[in-house]
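Below: one structure, written as structure tokens.
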Amino acid sequence: MSVDVQQLAINYLELDEHARSKAHYRAALVTPTAAVAHLVEQLHLAYNGKPAKGYAAFNAKKDQQVVTVLQDWQKQNSDFMVLSNTATAVLEQQLTAHQLPESGYLLVCHYRYLTSDYLLFCLLGSKDHFSLTEELELAASRHLDIARMQLAARIDLTEYQSSPEQGKYISFIRGRAGRKVADFFLDFLGCEEGTDAKANSKVVLASVEEYFSAAEFDGVEKSDARKQVYNYCEERAKAGQDVVLTELSAVIDEQEQQGFLRYCQEQQLAVADQFPIEVKELKKLIKFSGQGGGLSIGFDQKLLGDRVQYDAHSDTILIKGTPPNLRDQLQRFMQGYSAFDRESSSE
């Protein structure tokens, strides 16, 4: 993978004594180096790897400070420092307005990957790492916590210029449960949510299963096709790319590569030619899982009807051949843990 870094700005938001965010601005852009390229590559991978994203477009009814300075920058009427500093100031305002006590480093990065230009905004926390010198003195260093990226949004500049009418050129991480991070970032960028990746995934899931029945796939063919569909969609999502309907059709039915495409057209199914997808939702193609009432169960779809039997009438599941670690726990419990402990000590 090759990420071509164009420009990177870093500012810092700290919390004051009233738990309000206060911005501190770096005097200049970060000089592009091999280390910077590696950092941006890690950001790109981490962002693409986030499973739950929303998609949006700029909305004239929202605060237009960011989009205005973005357009000025694209027209070369202002530079990247103006863009990044304005974004930092707006972020500071929105954090206060939403009463979110957040601090961290705001990275605003313009980079290219494959044929697309991106503008990434992410607020990263930091964590301290400790090491020992040769003299056994303790040394501490502060690292950006990329793994816990939660507050981030990315504009596909190429799509914004070529097809803004599709309303999905801005993506954002939905964030942790129970927090209105989505609303916060939409207001920060001055945009409104449009394309729903989760809804797209549900439509595809239902459409694929309908096609299996219409094309009279047998059990083995269905299982193999489901796995291929999931692998294809997961690969596209990890690369930060949309699912392409023609490619998906070829993956679903290798013998009749246009079959699913024609089926969607004939049945007038609401499947777009190209769309973002949420892999987490599509996992239902290959796995069954659920939890509640103190019980958590998950198993591969292909096991249903074989090692796993479900009786809908009595709402019971029969599992043949439990996992070794679970079997060990059950046997220990049934026979008494103390008996096992005595056997282990006597060996």
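Starting from 1 in every chain, residues are counted up; chains themselves are A, B, ... following the order of the structure tokens, and ligands are numbered from 1 as listed.
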Might you pull out every residue within 10 Å of Ala225 of chain A, with only C-alpha atoms counted and same-chain residues fewer than 2 positions away left off, and present them as a PyMOL selection string? chain A and resi 208+212+217+219-223+227-231+251-254+285-286
Just the selected residues (C-alpha atoms), exported as a PDB file, in the first residue's frame, please.
```
ATOM      1  CA  VAL A 208     -28.517 -12.164  -2.115  1.00  0.00           C
ATOM      2  CA  PHE A 212     -30.011 -17.999  -4.096  1.00  0.00           C
ATOM      3  CA  PHE A 217     -28.560 -22.926  -5.389  1.00  0.00           C
ATOM      4  CA  GLY A 219     -26.844 -25.983   0.278  1.00  0.00           C
ATOM      5  CA  VAL A 220     -23.142 -26.251  -0.557  1.00  0.00           C
ATOM      6  CA  GLU A 221     -23.383 -23.617  -3.310  1.00  0.00           C
ATOM      7  CA  LYS A 222     -25.145 -21.214  -0.948  1.00  0.00           C
ATOM      8  CA  SER A 223     -22.526 -21.690   1.762  1.00  0.00           C
ATOM      9  CA  LYS A 227     -18.405 -16.809   2.120  1.00  0.00           C
ATOM     10  CA  GLN A 228     -17.211 -15.325  -1.186  1.00  0.00           C
ATOM     11  CA  VAL A 229     -19.629 -12.396  -0.861  1.00  0.00           C
ATOM     12  CA  TYR A 230     -18.499 -11.673   2.683  1.00  0.00           C
ATOM     13  CA  ASN A 231     -14.789 -11.868   1.763  1.00  0.00           C
ATOM     14  CA  VAL A 251     -18.655 -13.061  -6.957  1.00  0.00           C
ATOM     15  CA  ILE A 252     -22.134 -14.358  -6.127  1.00  0.00           C
ATOM     16  CA  ASP A 253     -22.484 -16.554  -9.211  1.00  0.00           C
ATOM     17  CA  GLU A 254     -19.273 -17.484 -11.012  1.00  0.00           C
ATOM     18  CA  LEU A 285     -24.131 -14.245   5.867  1.00  0.00           C
ATOM     19  CA  ILE A 286     -21.579 -16.564   7.437  1.00  0.00           C
TER      20      ILE A 286
END
```
Write out as a VMD selection string each polymer residue whose atoms come within 7 Å of segment 256-270 of chain A, counting only C-alpha atoms; drop sequence neighbours fewer than 4 positions from it. chain A and resid 211 245 to 246 249 to 250
Given the selection you just returned, output its residues as a file containing C-alpha atoms, formatted as an mmCIF file, in the first residue's frame.
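Generated file (selection.cif):
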```
data_model
loop_
_atom_site.group_PDB
_atom_site.id
_atom_site.type_symbol
_atom_site.label_atom_id
_atom_site.label_comp_id
_atom_site.auth_asym_id
_atom_site.auth_seq_id
_atom_site.Cartn_x
_atom_site.Cartn_y
_atom_site.Cartn_z
ATOM 1 C CA TYR A 211 -31.253 -14.719 -5.573
ATOM 2 C CA LEU A 245 -22.655 -4.181 -8.033
ATOM 3 C CA THR A 246 -21.194 -5.723 -11.209
ATOM 4 C CA SER A 249 -22.696 -10.141 -9.107
ATOM 5 C CA ALA A 250 -19.655 -11.976 -10.483
#
```
Which of these, A:Ala23, A:Leu138, A:Leu107, A:Ala60, has the shortest distance to Leu95 of chain A once you count only C-alpha atoms?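 Residue with the minimum atom-to-atom distance to Leu95 of chain A: A:Ala23.
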Segment 130-271 of chain A: residues DSSP assigns to strand (DSSP E or B), reported as a list of chain:residue names: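 Result set for segment 130-271 of chain A (strand (DSSP E or B)): A:Phe130, A:Ser131, A:Leu132, A:Leu138, A:Ala139, A:Ala140, A:Ser141, A:Arg142, A:His143, A:Leu144, A:Leu151, A:Ala152, A:Ala153, A:Arg154, A:Ile155, A:Asp156, A:Ile170, A:Ser171, A:Phe172, A:Ile173, A:Cys191, A:Glu192, A:Glu193, A:Val243, A:Val244.
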Same residues, C-alpha atoms, output as a JSON list (two decimals), in the first residue's frame:
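Okay, this is what ended up in selection.json:
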```
[["chain", "number", "residue", "atom", "x", "y", "z"],
["A", 130, "PHE", "CA", 7.97, 3.84, 29.56],
["A", 131, "SER", "CA", 11.40, 2.40, 28.80],
["A", 132, "LEU", "CA", 14.77, 1.95, 30.48],
["A", 138, "LEU", "CA", 13.41, 5.37, 33.53],
["A", 139, "ALA", "CA", 12.45, 7.25, 30.36],
["A", 140, "ALA", "CA", 8.95, 8.24, 29.33],
["A", 141, "SER", "CA", 7.55, 9.17, 25.92],
["A", 142, "ARG", "CA", 4.11, 10.15, 24.71],
["A", 143, "HIS", "CA", 2.54, 8.31, 21.78],
["A", 144, "LEU", "CA", -0.54, 9.05, 19.69],
["A", 151, "LEU", "CA", -13.46, 11.04, 16.68],
["A", 152, "ALA", "CA", -12.71, 11.10, 12.97],
["A", 153, "ALA", "CA", -14.22, 12.03, 9.64],
["A", 154, "ARG", "CA", -12.89, 11.88, 6.09],
["A", 155, "ILE", "CA", -13.82, 13.75, 2.92],
["A", 156, "ASP", "CA", -13.27, 11.99, -0.40],
["A", 170, "ILE", "CA", -18.03, 12.41, 3.71],
["A", 171, "SER", "CA", -17.66, 9.45, 6.05],
["A", 172, "PHE", "CA", -17.39, 9.51, 9.82],
["A", 173, "ILE", "CA", -16.93, 7.06, 12.68],
["A", 191, "CYS", "CA", -23.03, 18.32, 6.89],
["A", 192, "GLU", "CA", -26.04, 16.02, 7.17],
["A", 193, "GLU", "CA", -26.12, 12.24, 7.09],
["A", 243, "VAL", "CA", -18.93, -2.29, -3.22],
["A", 244, "VAL", "CA", -19.46, -2.40, -6.99]]
```
Give me the residues within 9 Å of segment 49-59 of chain A as a short mmCIF file (atom, residue, chain, number, x, y, z; two decimals) with all heavy atoms, in the first residue's frame, counting only C-alpha atoms and dropping any in the same chain fewer than 2 places off.
```
data_model
loop_
_atom_site.label_atom_id
_atom_site.label_comp_id
_atom_site.auth_asym_id
_atom_site.auth_seq_id
_atom_site.Cartn_x
_atom_site.Cartn_y
_atom_site.Cartn_z
N HIS A 44 -4.76 5.85 8.02
CA HIS A 44 -5.61 5.37 6.91
C HIS A 44 -6.12 3.97 7.19
O HIS A 44 -7.32 3.69 7.04
CB HIS A 44 -4.79 5.41 5.61
CG HIS A 44 -5.49 4.85 4.41
ND1 HIS A 44 -6.46 5.55 3.72
CD2 HIS A 44 -5.39 3.65 3.79
CE1 HIS A 44 -6.91 4.81 2.73
NE2 HIS A 44 -6.28 3.65 2.74
N LEU A 45 -5.23 3.09 7.61
CA LEU A 45 -5.62 1.71 7.91
C LEU A 45 -6.57 1.65 9.11
O LEU A 45 -7.56 0.90 9.09
CB LEU A 45 -4.38 0.86 8.18
CG LEU A 45 -3.48 0.56 6.98
CD1 LEU A 45 -2.19 -0.10 7.45
CD2 LEU A 45 -4.19 -0.33 5.98
N ALA A 46 -6.27 2.42 10.14
CA ALA A 46 -7.11 2.41 11.34
C ALA A 46 -8.50 2.93 11.01
O ALA A 46 -9.51 2.38 11.47
CB ALA A 46 -6.47 3.26 12.43
N TYR A 47 -8.58 3.97 10.21
CA TYR A 47 -9.88 4.54 9.85
C TYR A 47 -10.69 3.56 9.01
O TYR A 47 -11.87 3.32 9.27
CB TYR A 47 -9.69 5.85 9.08
CG TYR A 47 -11.00 6.55 8.79
CD1 TYR A 47 -11.59 7.37 9.74
CD2 TYR A 47 -11.66 6.38 7.57
CE1 TYR A 47 -12.80 8.00 9.50
CE2 TYR A 47 -12.86 7.00 7.32
CZ TYR A 47 -13.43 7.81 8.28
OH TYR A 47 -14.64 8.42 8.04
N LYS A 61 -27.84 24.38 5.49
CA LYS A 61 -28.52 24.80 6.71
C LYS A 61 -27.62 24.67 7.94
O LYS A 61 -27.97 25.17 9.01
CB LYS A 61 -29.79 23.98 6.92
CG LYS A 61 -30.85 24.19 5.83
CD LYS A 61 -32.08 23.34 6.09
CE LYS A 61 -33.13 23.54 5.00
NZ LYS A 61 -34.34 22.70 5.24
N LYS A 62 -26.50 23.99 7.77
CA LYS A 62 -25.57 23.81 8.89
C LYS A 62 -24.48 24.89 8.85
O LYS A 62 -24.37 25.65 7.89
CB LYS A 62 -24.92 22.42 8.81
CG LYS A 62 -25.87 21.25 8.99
CD LYS A 62 -26.32 21.15 10.44
CE LYS A 62 -27.08 19.85 10.71
NZ LYS A 62 -26.20 18.69 10.78
N ASP A 63 -23.66 24.94 9.89
CA ASP A 63 -22.54 25.88 9.96
C ASP A 63 -21.61 25.64 8.77
O ASP A 63 -21.12 24.53 8.55
CB ASP A 63 -21.78 25.65 11.28
CG ASP A 63 -20.73 26.72 11.54
OD1 ASP A 63 -20.13 27.22 10.58
OD2 ASP A 63 -20.51 27.05 12.72
N GLN A 64 -21.34 26.68 8.00
CA GLN A 64 -20.59 26.54 6.76
C GLN A 64 -19.13 26.99 6.87
O GLN A 64 -18.45 27.15 5.84
CB GLN A 64 -21.28 27.35 5.66
CG GLN A 64 -22.65 26.80 5.27
CD GLN A 64 -22.56 25.43 4.61
OE1 GLN A 64 -22.14 25.30 3.47
NE2 GLN A 64 -22.96 24.40 5.34
N VAL A 67 -16.74 24.17 5.33
CA VAL A 67 -16.90 23.98 3.89
C VAL A 67 -16.46 25.22 3.12
O VAL A 67 -15.89 25.12 2.01
CB VAL A 67 -18.35 23.59 3.53
CG1 VAL A 67 -19.32 24.72 3.82
CG2 VAL A 67 -18.45 23.19 2.06
N MET A 149 -8.82 5.38 17.91
CA MET A 149 -9.43 6.44 17.12
C MET A 149 -10.95 6.33 17.16
O MET A 149 -11.53 5.31 16.83
CB MET A 149 -8.96 6.34 15.65
CG MET A 149 -9.58 7.37 14.73
SD MET A 149 -9.29 7.00 12.97
CE MET A 149 -7.52 7.18 12.86
N GLN A 150 -11.60 7.39 17.62
CA GLN A 150 -13.06 7.41 17.71
C GLN A 150 -13.65 8.66 17.07
O GLN A 150 -14.72 8.61 16.48
CB GLN A 150 -13.51 7.33 19.17
CG GLN A 150 -13.30 5.98 19.83
CD GLN A 150 -14.21 4.90 19.28
OE1 GLN A 150 -15.26 5.19 18.73
NE2 GLN A 150 -13.81 3.65 19.42
N TYR A 160 -16.15 14.26 -4.09
CA TYR A 160 -16.81 15.55 -3.82
C TYR A 160 -16.83 16.41 -5.08
O TYR A 160 -17.80 17.13 -5.35
CB TYR A 160 -16.07 16.25 -2.69
CG TYR A 160 -16.57 17.64 -2.36
CD1 TYR A 160 -17.93 17.91 -2.23
CD2 TYR A 160 -15.67 18.70 -2.17
CE1 TYR A 160 -18.39 19.19 -1.91
CE2 TYR A 160 -16.12 19.97 -1.85
CZ TYR A 160 -17.47 20.21 -1.73
OH TYR A 160 -17.91 21.47 -1.42
N PRO A 164 -20.90 14.88 -6.31
CA PRO A 164 -21.40 15.28 -4.99
C PRO A 164 -22.87 14.95 -4.78
O PRO A 164 -23.33 14.83 -3.64
CB PRO A 164 -21.18 16.80 -4.98
CG PRO A 164 -21.18 17.19 -6.42
CD PRO A 164 -20.53 16.04 -7.14
N GLU A 165 -23.62 14.76 -5.89
CA GLU A 165 -25.05 14.50 -5.77
C GLU A 165 -25.36 13.17 -5.10
O GLU A 165 -26.48 12.97 -4.59
CB GLU A 165 -25.71 14.54 -7.16
CG GLU A 165 -25.37 13.39 -8.10
CD GLU A 165 -23.98 13.51 -8.73
OE1 GLU A 165 -23.35 14.57 -8.59
OE2 GLU A 165 -23.54 12.54 -9.37
N GLN A 166 -24.39 12.26 -5.04
CA GLN A 166 -24.63 10.97 -4.39
C GLN A 166 -24.68 11.08 -2.87
O GLN A 166 -25.19 10.19 -2.19
CB GLN A 166 -23.55 9.96 -4.81
CG GLN A 166 -23.62 9.61 -6.29
CD GLN A 166 -22.66 8.49 -6.66
OE1 GLN A 166 -22.18 7.76 -5.78
NE2 GLN A 166 -22.37 8.34 -7.94
N GLY A 167 -24.16 12.17 -2.34
CA GLY A 167 -24.29 12.45 -0.91
C GLY A 167 -23.55 11.52 0.02
O GLY A 167 -23.98 11.30 1.16
N LYS A 168 -22.41 10.95 -0.41
CA LYS A 168 -21.68 10.04 0.46
C LYS A 168 -20.17 10.29 0.42
O LYS A 168 -19.38 9.41 0.73
CB LYS A 168 -21.97 8.58 0.08
CG LYS A 168 -21.63 8.21 -1.35
CD LYS A 168 -21.98 6.75 -1.63
CE LYS A 168 -21.65 6.34 -3.05
NZ LYS A 168 -20.19 6.40 -3.33
N TYR A 169 -19.78 11.50 0.06
CA TYR A 169 -18.35 11.81 -0.05
C TYR A 169 -17.72 12.10 1.31
O TYR A 169 -16.51 12.21 1.42
CB TYR A 169 -18.12 12.98 -1.01
CG TYR A 169 -18.98 14.20 -0.76
CD1 TYR A 169 -18.63 15.15 0.20
CD2 TYR A 169 -20.16 14.40 -1.47
CE1 TYR A 169 -19.41 16.26 0.42
CE2 TYR A 169 -20.95 15.51 -1.26
CZ TYR A 169 -20.58 16.45 -0.30
OH TYR A 169 -21.37 17.55 -0.07
N ILE A 170 -18.55 12.25 2.35
CA ILE A 170 -18.03 12.41 3.71
C ILE A 170 -18.39 11.16 4.51
O ILE A 170 -19.54 10.73 4.53
CB ILE A 170 -18.63 13.64 4.41
CG1 ILE A 170 -18.30 14.92 3.64
CG2 ILE A 170 -18.11 13.75 5.84
CD1 ILE A 170 -18.98 16.15 4.19
N SER A 171 -17.40 10.57 5.15
CA SER A 171 -17.66 9.45 6.05
C SER A 171 -17.19 9.84 7.44
O SER A 171 -16.32 10.70 7.60
CB SER A 171 -16.94 8.18 5.57
OG SER A 171 -15.53 8.38 5.55
N PHE A 172 -17.78 9.21 8.45
CA PHE A 172 -17.39 9.51 9.82
C PHE A 172 -17.59 8.28 10.69
O PHE A 172 -18.44 7.43 10.40
CB PHE A 172 -18.19 10.70 10.38
CG PHE A 172 -19.68 10.49 10.40
CD1 PHE A 172 -20.31 9.99 11.53
CD2 PHE A 172 -20.44 10.77 9.28
CE1 PHE A 172 -21.69 9.79 11.53
CE2 PHE A 172 -21.82 10.57 9.27
CZ PHE A 172 -22.44 10.08 10.40
N ILE A 173 -16.80 8.17 11.74
CA ILE A 173 -16.93 7.06 12.68
C ILE A 173 -18.10 7.37 13.61
O ILE A 173 -18.19 8.46 14.16
CB ILE A 173 -15.63 6.88 13.49
CG1 ILE A 173 -14.48 6.52 12.55
CG2 ILE A 173 -15.81 5.79 14.54
CD1 ILE A 173 -13.13 6.48 13.24
N ARG A 174 -18.99 6.41 13.74
CA ARG A 174 -20.16 6.64 14.58
C ARG A 174 -19.81 6.77 16.05
O ARG A 174 -20.52 7.41 16.82
CB ARG A 174 -21.18 5.52 14.38
CG ARG A 174 -21.84 5.57 13.00
CD ARG A 174 -23.04 4.68 12.95
NE ARG A 174 -23.71 4.79 11.65
CZ ARG A 174 -24.56 5.74 11.32
NH1 ARG A 174 -24.86 6.69 12.20
NH2 ARG A 174 -25.11 5.78 10.14
N GLY A 175 -18.73 6.17 16.48
CA GLY A 175 -18.27 6.36 17.85
C GLY A 175 -18.85 5.37 18.83
O GLY A 175 -19.57 4.44 18.48
N ALA A 182 -21.76 11.22 16.46
CA ALA A 182 -22.19 11.41 15.08
C ALA A 182 -22.73 12.83 14.88
O ALA A 182 -22.30 13.55 13.98
CB ALA A 182 -23.25 10.38 14.71
N LEU A 186 -21.07 15.83 12.54
CA LEU A 186 -21.87 16.39 11.46
C LEU A 186 -21.95 17.90 11.60
O LEU A 186 -21.83 18.64 10.61
CB LEU A 186 -23.28 15.78 11.48
CG LEU A 186 -23.38 14.29 11.14
CD1 LEU A 186 -24.83 13.84 11.21
CD2 LEU A 186 -22.82 14.00 9.77
N LEU A 189 -18.48 19.60 10.74
CA LEU A 189 -18.18 19.74 9.31
C LEU A 189 -19.26 20.50 8.54
O LEU A 189 -19.04 20.90 7.40
CB LEU A 189 -18.01 18.35 8.68
CG LEU A 189 -16.77 17.57 9.11
CD1 LEU A 189 -16.80 16.17 8.53
CD2 LEU A 189 -15.50 18.30 8.68
N GLY A 190 -20.42 20.70 9.17
CA GLY A 190 -21.50 21.39 8.47
C GLY A 190 -22.18 20.51 7.46
O GLY A 190 -22.49 20.93 6.34
N CYS A 191 -22.43 19.25 7.84
CA CYS A 191 -23.03 18.32 6.89
C CYS A 191 -24.19 17.56 7.53
O CYS A 191 -24.42 17.65 8.74
CB CYS A 191 -21.99 17.34 6.36
SG CYS A 191 -21.20 16.34 7.64
N GLU A 192 -24.90 16.80 6.71
CA GLU A 192 -26.04 16.02 7.17
C GLU A 192 -25.92 14.60 6.64
O GLU A 192 -25.53 14.39 5.49
CB GLU A 192 -27.34 16.66 6.69
CG GLU A 192 -28.59 15.98 7.25
CD GLU A 192 -29.85 16.75 6.90
OE1 GLU A 192 -29.83 17.51 5.91
OE2 GLU A 192 -30.85 16.60 7.63
N GLU A 193 -26.26 13.64 7.48
CA GLU A 193 -26.12 12.24 7.09
C GLU A 193 -27.02 11.89 5.92
O GLU A 193 -28.16 12.32 5.84
CB GLU A 193 -26.43 11.32 8.28
CG GLU A 193 -26.12 9.86 8.02
CD GLU A 193 -26.15 9.02 9.28
OE1 GLU A 193 -26.50 9.55 10.34
OE2 GLU A 193 -25.80 7.82 9.19
N GLY A 194 -26.47 11.11 4.99
CA GLY A 194 -27.22 10.71 3.80
C GLY A 194 -27.27 9.20 3.65
O GLY A 194 -28.07 8.53 4.29
N THR A 195 -26.37 8.66 2.85
CA THR A 195 -26.33 7.22 2.58
C THR A 195 -26.14 6.44 3.88
O THR A 195 -25.27 6.74 4.69
CB THR A 195 -25.18 6.89 1.61
OG1 THR A 195 -25.39 7.60 0.39
CG2 THR A 195 -25.12 5.40 1.33
N ASP A 196 -26.97 5.42 4.06
CA ASP A 196 -26.92 4.58 5.26
C ASP A 196 -26.29 3.23 4.90
O ASP A 196 -26.92 2.38 4.27
CB ASP A 196 -28.34 4.38 5.80
CG ASP A 196 -28.34 3.71 7.16
OD1 ASP A 196 -27.40 2.97 7.47
OD2 ASP A 196 -29.31 3.92 7.92
N ALA A 197 -25.04 3.05 5.30
CA ALA A 197 -24.32 1.81 4.97
C ALA A 197 -24.97 0.59 5.59
O ALA A 197 -25.01 -0.49 4.99
CB ALA A 197 -22.86 1.92 5.41
N LYS A 198 -25.51 0.76 6.80
CA LYS A 198 -26.15 -0.37 7.46
C LYS A 198 -27.41 -0.79 6.71
O LYS A 198 -27.66 -1.98 6.52
CB LYS A 198 -26.50 0.02 8.90
CG LYS A 198 -27.05 -1.14 9.73
CD LYS A 198 -27.23 -0.74 11.19
CE LYS A 198 -27.71 -1.91 12.03
NZ LYS A 198 -27.86 -1.54 13.46
N ALA A 237 -14.26 -2.94 2.07
CA ALA A 237 -14.42 -2.06 3.23
C ALA A 237 -13.07 -1.72 3.86
O ALA A 237 -12.82 -0.58 4.23
CB ALA A 237 -15.34 -2.71 4.26
N LYS A 238 -12.19 -2.70 3.96
CA LYS A 238 -10.88 -2.46 4.55
C LYS A 238 -10.04 -1.51 3.70
O LYS A 238 -9.18 -0.79 4.23
CB LYS A 238 -10.13 -3.79 4.73
CG LYS A 238 -10.63 -4.62 5.91
CD LYS A 238 -9.80 -5.87 6.08
CE LYS A 238 -10.26 -6.65 7.32
NZ LYS A 238 -9.47 -7.90 7.50
N ALA A 239 -10.30 -1.51 2.40
CA ALA A 239 -9.59 -0.61 1.49
C ALA A 239 -10.25 0.77 1.43
O ALA A 239 -9.77 1.67 0.73
CB ALA A 239 -9.50 -1.21 0.09
N GLY A 240 -11.37 0.93 2.14
CA GLY A 240 -12.08 2.20 2.12
C GLY A 240 -12.81 2.45 0.82
O GLY A 240 -13.03 3.60 0.43
N PRO A 276 -21.42 2.15 -0.23
CA PRO A 276 -20.64 1.73 0.94
C PRO A 276 -21.41 0.65 1.69
O PRO A 276 -22.63 0.54 1.56
CB PRO A 276 -20.57 3.02 1.78
CG PRO A 276 -21.80 3.77 1.40
CD PRO A 276 -22.05 3.47 -0.05
N ILE A 277 -20.68 -0.13 2.45
CA ILE A 277 -21.32 -1.26 3.13
C ILE A 277 -20.75 -1.41 4.53
O ILE A 277 -19.62 -0.99 4.80
CB ILE A 277 -21.12 -2.55 2.31
CG1 ILE A 277 -22.21 -3.57 2.61
CG2 ILE A 277 -19.74 -3.14 2.55
CD1 ILE A 277 -22.40 -4.58 1.52
N GLU A 278 -21.53 -1.96 5.42
CA GLU A 278 -21.10 -2.21 6.79
C GLU A 278 -20.87 -3.71 6.96
O GLU A 278 -21.82 -4.49 7.00
CB GLU A 278 -22.15 -1.70 7.78
CG GLU A 278 -21.66 -1.69 9.22
CD GLU A 278 -22.61 -0.94 10.14
OE1 GLU A 278 -22.89 0.24 9.88
OE2 GLU A 278 -23.07 -1.56 11.13
N VAL A 279 -19.62 -4.09 7.05
CA VAL A 279 -19.25 -5.51 7.09
C VAL A 279 -19.86 -6.22 8.30
O VAL A 279 -20.24 -7.39 8.22
CB VAL A 279 -17.72 -5.66 7.10
CG1 VAL A 279 -17.32 -7.12 7.24
CG2 VAL A 279 -17.13 -5.10 5.82
N LYS A 280 -19.96 -5.51 9.41
CA LYS A 280 -20.52 -6.11 10.62
C LYS A 280 -21.92 -6.65 10.37
O LYS A 280 -22.29 -7.73 10.86
CB LYS A 280 -20.55 -5.06 11.73
CG LYS A 280 -21.02 -5.59 13.08
CD LYS A 280 -20.98 -4.50 14.13
CE LYS A 280 -21.46 -5.02 15.48
NZ LYS A 280 -21.44 -3.95 16.52
#
```
For the helix (DSSP H, G or I) assignment from backbone DSSP, which residues of segment 79-316 of chain A qualify? Please present them as a count of residues only. 103
Residues within 8 Å of Val203 of chain A, only C-alpha atoms, excluding chain neighbours under 3 positions, as a PyMOL selection string: chain A and resi 199-200+206-207+270-271
Report as a list of chain:residue names all protein, DNA and RNA residues lying within 12 Å of segment 71-75 of chain A, evaluated on only C-alpha atoms, omitting residues in the same chain fewer than 3 positions from it.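 Answer for this query is A:Phe58, A:Gln64, A:Gln65, A:Val66, A:Val67, A:Thr68, A:Ser78, A:Asp79, A:Phe80, A:Met81, A:Val82, A:Leu83, A:Ser84, A:Thr86, A:His110, A:Asp117, A:Leu119, A:Leu157, A:Thr158, A:Tyr160, A:Gln161.
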Would you put the residues from that selection into a file with N, CA, C and O atoms, as a short mmCIF file (atom, residue, chain, number, x, y, z; two decimals), in the first residue's frame?
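File produced: again11.cif:
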```
data_model
loop_
_atom_site.label_atom_id
_atom_site.label_comp_id
_atom_site.auth_asym_id
_atom_site.auth_seq_id
_atom_site.Cartn_x
_atom_site.Cartn_y
_atom_site.Cartn_z
N PHE A 58 -22.36 17.89 2.66
CA PHE A 58 -22.50 19.23 3.19
C PHE A 58 -23.94 19.70 3.04
O PHE A 58 -24.62 19.39 2.07
N GLN A 64 -21.34 26.68 8.00
CA GLN A 64 -20.59 26.54 6.76
C GLN A 64 -19.13 26.99 6.87
O GLN A 64 -18.45 27.15 5.84
N GLN A 65 -18.62 27.17 8.09
CA GLN A 65 -17.25 27.66 8.22
C GLN A 65 -16.22 26.71 7.60
O GLN A 65 -15.32 27.14 6.88
N VAL A 66 -16.38 25.42 7.86
CA VAL A 66 -15.40 24.46 7.35
C VAL A 66 -15.52 24.31 5.84
O VAL A 66 -14.51 24.32 5.12
N VAL A 67 -16.74 24.17 5.33
CA VAL A 67 -16.90 23.98 3.89
C VAL A 67 -16.46 25.22 3.12
O VAL A 67 -15.89 25.12 2.01
N THR A 68 -16.67 26.40 3.68
CA THR A 68 -16.26 27.64 3.00
C THR A 68 -14.75 27.72 2.87
O THR A 68 -14.21 28.00 1.79
N SER A 78 -6.71 30.27 -0.41
CA SER A 78 -6.11 30.24 0.93
C SER A 78 -5.26 28.99 1.03
O SER A 78 -5.37 28.07 0.20
N ASP A 79 -4.42 28.93 2.06
CA ASP A 79 -3.52 27.77 2.17
C ASP A 79 -4.05 26.75 3.18
O ASP A 79 -5.08 26.96 3.83
N PHE A 80 -3.30 25.67 3.34
CA PHE A 80 -3.73 24.57 4.19
C PHE A 80 -3.71 24.95 5.66
O PHE A 80 -4.50 24.42 6.46
N MET A 81 -2.84 25.87 6.04
CA MET A 81 -2.80 26.31 7.44
C MET A 81 -4.11 27.00 7.81
O MET A 81 -4.63 26.80 8.91
N VAL A 82 -4.65 27.81 6.90
CA VAL A 82 -5.92 28.48 7.16
C VAL A 82 -7.03 27.46 7.33
O VAL A 82 -7.87 27.55 8.23
N LEU A 83 -7.01 26.46 6.46
CA LEU A 83 -8.02 25.39 6.54
C LEU A 83 -7.93 24.65 7.86
O LEU A 83 -8.95 24.48 8.56
N SER A 84 -6.75 24.22 8.24
CA SER A 84 -6.60 23.42 9.47
C SER A 84 -6.89 24.25 10.72
O SER A 84 -7.52 23.75 11.66
N THR A 86 -8.83 26.97 10.93
CA THR A 86 -10.26 27.25 10.98
C THR A 86 -11.01 26.03 11.48
O THR A 86 -11.92 26.13 12.32
N HIS A 110 -4.14 15.95 4.26
CA HIS A 110 -4.49 15.78 2.85
C HIS A 110 -3.54 14.74 2.28
O HIS A 110 -2.32 14.90 2.32
N ASP A 117 -8.17 11.48 -3.72
CA ASP A 117 -7.62 12.43 -2.76
C ASP A 117 -8.53 12.46 -1.53
O ASP A 117 -9.75 12.50 -1.68
N LEU A 119 -9.22 14.06 2.59
CA LEU A 119 -8.94 15.02 3.65
C LEU A 119 -9.46 14.41 4.94
O LEU A 119 -10.67 14.24 5.11
N LEU A 157 -12.23 13.86 -1.51
CA LEU A 157 -12.20 15.07 -2.33
C LEU A 157 -12.48 14.77 -3.79
O LEU A 157 -13.09 15.58 -4.50
N THR A 158 -12.03 13.61 -4.25
CA THR A 158 -12.26 13.23 -5.65
C THR A 158 -13.74 13.05 -5.92
O THR A 158 -14.27 13.55 -6.93
N TYR A 160 -16.15 14.26 -4.09
CA TYR A 160 -16.81 15.55 -3.82
C TYR A 160 -16.83 16.41 -5.08
O TYR A 160 -17.80 17.13 -5.35
N GLN A 161 -15.77 16.33 -5.86
CA GLN A 161 -15.69 17.12 -7.09
C GLN A 161 -16.42 16.46 -8.26
O GLN A 161 -17.01 17.14 -9.09
#
```
May I ask which of the residues A:Ala28, A:Leu304, A:Ala89, A:Leu100 is the closest one to Leu15 of chain A, counting only C-alpha atoms?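 Between A:Ala28, A:Leu304, A:Ala89, A:Leu100, the residue approaching Leu15 of chain A most closely is A:Leu100.
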Of the listed residues A:Asn11, A:Asn85, A:Asn48, A:Ser126, that which approaches Arg148 of chain A most closely, counting only C-alpha atoms: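 Using only C-alpha atoms, Arg148 of chain A sits closest to A:Ser126.
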If you measure from atom CA of Ser289 of chain A to atom CA of Gln301 of chain A, what distance in Å do you get, rounded to one decimal?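 Here the two named atoms are 9.5 Å from each other.
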